[in-house]
Amino acid sequence: MQIKFSENLRKALSDKNETQADLAKHLNTTQATVSRWISGVNEPDLQTFLNICEYLDETPNDLLGYNE
């Protein structure tokens, strides 16, 4: 999950003209945390992942790379 998720999260943020800071603010976390998700160092927990999907209007399958 890590490689596809990080790449897809980066792309979704770019496609929606959102920044790491925008996402971090929405999730009440830090930009450093979002940066670690995008670099593939860490992954969000399930509830946070679902919140990311909702915020970016993406399906879980899209962010995980199952629809590619």
# chains A, B, ... in the order shown; residues from 1 in each chain; ligands from 1

$ select_by_dssp --residues "chain A" --states "alpha helix (DSSP H)" --output "NGL selection string"
:A and (2-15 or 20-27 or 31-39 or 46-56 or 60-64)

$ write_last_selection --atoms "N, CA and C atoms" --output "compact mmCIF listing (two decimals), in the first residue's frame"
# COMPACT_ATOMS: atom_id res chain seq x y z
N GLN A 2 1.97 1.21 0.60
CA GLN A 2 2.76 2.41 0.86
C GLN A 2 3.15 3.16 -0.41
N ILE A 3 3.70 2.46 -1.38
CA ILE A 3 4.18 3.14 -2.58
C ILE A 3 3.02 3.74 -3.36
N LYS A 4 2.01 2.96 -3.65
CA LYS A 4 0.87 3.46 -4.41
C LYS A 4 0.17 4.58 -3.66
N PHE A 5 -0.07 4.40 -2.36
CA PHE A 5 -0.77 5.43 -1.59
C PHE A 5 0.00 6.74 -1.62
N SER A 6 1.27 6.71 -1.36
CA SER A 6 2.05 7.96 -1.32
C SER A 6 2.02 8.67 -2.67
N GLU A 7 2.19 7.92 -3.75
CA GLU A 7 2.15 8.52 -5.08
C GLU A 7 0.77 9.08 -5.40
N ASN A 8 -0.25 8.32 -5.06
CA ASN A 8 -1.61 8.74 -5.37
C ASN A 8 -2.05 9.91 -4.50
N LEU A 9 -1.60 9.96 -3.27
CA LEU A 9 -1.91 11.10 -2.41
C LEU A 9 -1.27 12.36 -2.98
N ARG A 10 -0.03 12.26 -3.38
CA ARG A 10 0.66 13.41 -3.97
C ARG A 10 -0.09 13.90 -5.21
N LYS A 11 -0.49 12.98 -6.07
CA LYS A 11 -1.20 13.33 -7.30
C LYS A 11 -2.56 13.94 -6.99
N ALA A 12 -3.28 13.37 -6.05
CA ALA A 12 -4.61 13.89 -5.71
C ALA A 12 -4.52 15.30 -5.16
N LEU A 13 -3.54 15.56 -4.31
CA LEU A 13 -3.35 16.91 -3.79
C LEU A 13 -3.07 17.89 -4.94
N SER A 14 -2.20 17.50 -5.84
CA SER A 14 -1.85 18.34 -6.97
C SER A 14 -3.06 18.59 -7.87
N ASP A 15 -3.79 17.53 -8.18
CA ASP A 15 -4.96 17.64 -9.06
C ASP A 15 -6.02 18.57 -8.48
N GLN A 20 0.07 20.31 1.09
CA GLN A 20 0.22 19.47 2.27
C GLN A 20 -0.29 20.22 3.49
N ALA A 21 -0.03 21.51 3.55
CA ALA A 21 -0.48 22.33 4.69
C ALA A 21 -2.00 22.39 4.75
N ASP A 22 -2.67 22.48 3.59
CA ASP A 22 -4.14 22.49 3.55
C ASP A 22 -4.69 21.20 4.14
N LEU A 23 -4.13 20.08 3.70
CA LEU A 23 -4.59 18.78 4.19
C LEU A 23 -4.32 18.64 5.68
N ALA A 24 -3.14 19.04 6.09
CA ALA A 24 -2.78 18.95 7.51
C ALA A 24 -3.75 19.76 8.37
N LYS A 25 -4.07 20.96 7.92
CA LYS A 25 -4.99 21.81 8.68
C LYS A 25 -6.36 21.16 8.78
N HIS A 26 -6.84 20.61 7.67
CA HIS A 26 -8.16 19.95 7.67
C HIS A 26 -8.18 18.76 8.62
N LEU A 27 -7.08 18.03 8.68
CA LEU A 27 -7.02 16.82 9.52
C LEU A 27 -6.56 17.12 10.95
N GLN A 31 2.03 19.47 8.96
CA GLN A 31 2.48 19.26 7.59
C GLN A 31 3.56 18.20 7.56
N ALA A 32 4.37 18.10 8.60
CA ALA A 32 5.42 17.08 8.65
C ALA A 32 4.81 15.68 8.59
N THR A 33 3.67 15.49 9.25
CA THR A 33 2.99 14.19 9.20
C THR A 33 2.54 13.89 7.79
N VAL A 34 1.92 14.87 7.13
CA VAL A 34 1.47 14.68 5.75
C VAL A 34 2.67 14.41 4.84
N SER A 35 3.74 15.12 5.06
CA SER A 35 4.96 14.91 4.27
C SER A 35 5.47 13.48 4.41
N ARG A 36 5.40 12.93 5.60
CA ARG A 36 5.84 11.54 5.80
C ARG A 36 4.94 10.56 5.07
N TRP A 37 3.66 10.86 4.97
CA TRP A 37 2.76 10.00 4.19
C TRP A 37 3.13 10.07 2.72
N ILE A 38 3.39 11.27 2.23
CA ILE A 38 3.71 11.46 0.81
C ILE A 38 5.06 10.86 0.45
N SER A 39 5.98 10.89 1.37
CA SER A 39 7.30 10.30 1.09
C SER A 39 7.31 8.79 1.32
N LEU A 46 -6.63 4.17 9.78
CA LEU A 46 -7.79 3.95 8.91
C LEU A 46 -8.74 5.15 8.92
N GLN A 47 -9.09 5.67 10.09
CA GLN A 47 -10.03 6.79 10.14
C GLN A 47 -9.46 8.02 9.44
N THR A 48 -8.20 8.28 9.64
CA THR A 48 -7.56 9.42 8.98
C THR A 48 -7.54 9.20 7.47
N PHE A 49 -7.24 7.98 7.05
CA PHE A 49 -7.27 7.65 5.63
C PHE A 49 -8.64 7.95 5.02
N LEU A 50 -9.70 7.55 5.71
CA LEU A 50 -11.05 7.80 5.22
C LEU A 50 -11.36 9.30 5.19
N ASN A 51 -10.84 10.03 6.16
CA ASN A 51 -11.01 11.49 6.16
C ASN A 51 -10.28 12.13 4.98
N ILE A 52 -9.11 11.60 4.65
CA ILE A 52 -8.36 12.09 3.48
C ILE A 52 -9.18 11.85 2.22
N CYS A 53 -9.74 10.66 2.10
CA CYS A 53 -10.56 10.33 0.92
C CYS A 53 -11.72 11.30 0.79
N GLU A 54 -12.39 11.57 1.89
CA GLU A 54 -13.53 12.48 1.88
C GLU A 54 -13.08 13.89 1.49
N TYR A 55 -12.02 14.37 2.10
CA TYR A 55 -11.53 15.72 1.84
C TYR A 55 -11.13 15.91 0.38
N LEU A 56 -10.48 14.91 -0.19
CA LEU A 56 -10.00 15.02 -1.57
C LEU A 56 -11.01 14.50 -2.59
N PRO A 60 -11.39 5.22 -1.59
CA PRO A 60 -10.25 4.48 -1.03
C PRO A 60 -9.51 3.69 -2.11
N ASN A 61 -10.24 3.07 -3.02
CA ASN A 61 -9.58 2.30 -4.08
C ASN A 61 -8.70 3.18 -4.95
N ASP A 62 -9.14 4.40 -5.23
CA ASP A 62 -8.32 5.32 -6.03
C ASP A 62 -7.02 5.64 -5.31
N LEU A 63 -7.10 6.00 -4.03
CA LEU A 63 -5.89 6.38 -3.31
C LEU A 63 -4.96 5.19 -3.07
N LEU A 64 -5.54 4.00 -3.00
CA LEU A 64 -4.70 2.81 -2.80
C LEU A 64 -4.18 2.25 -4.12
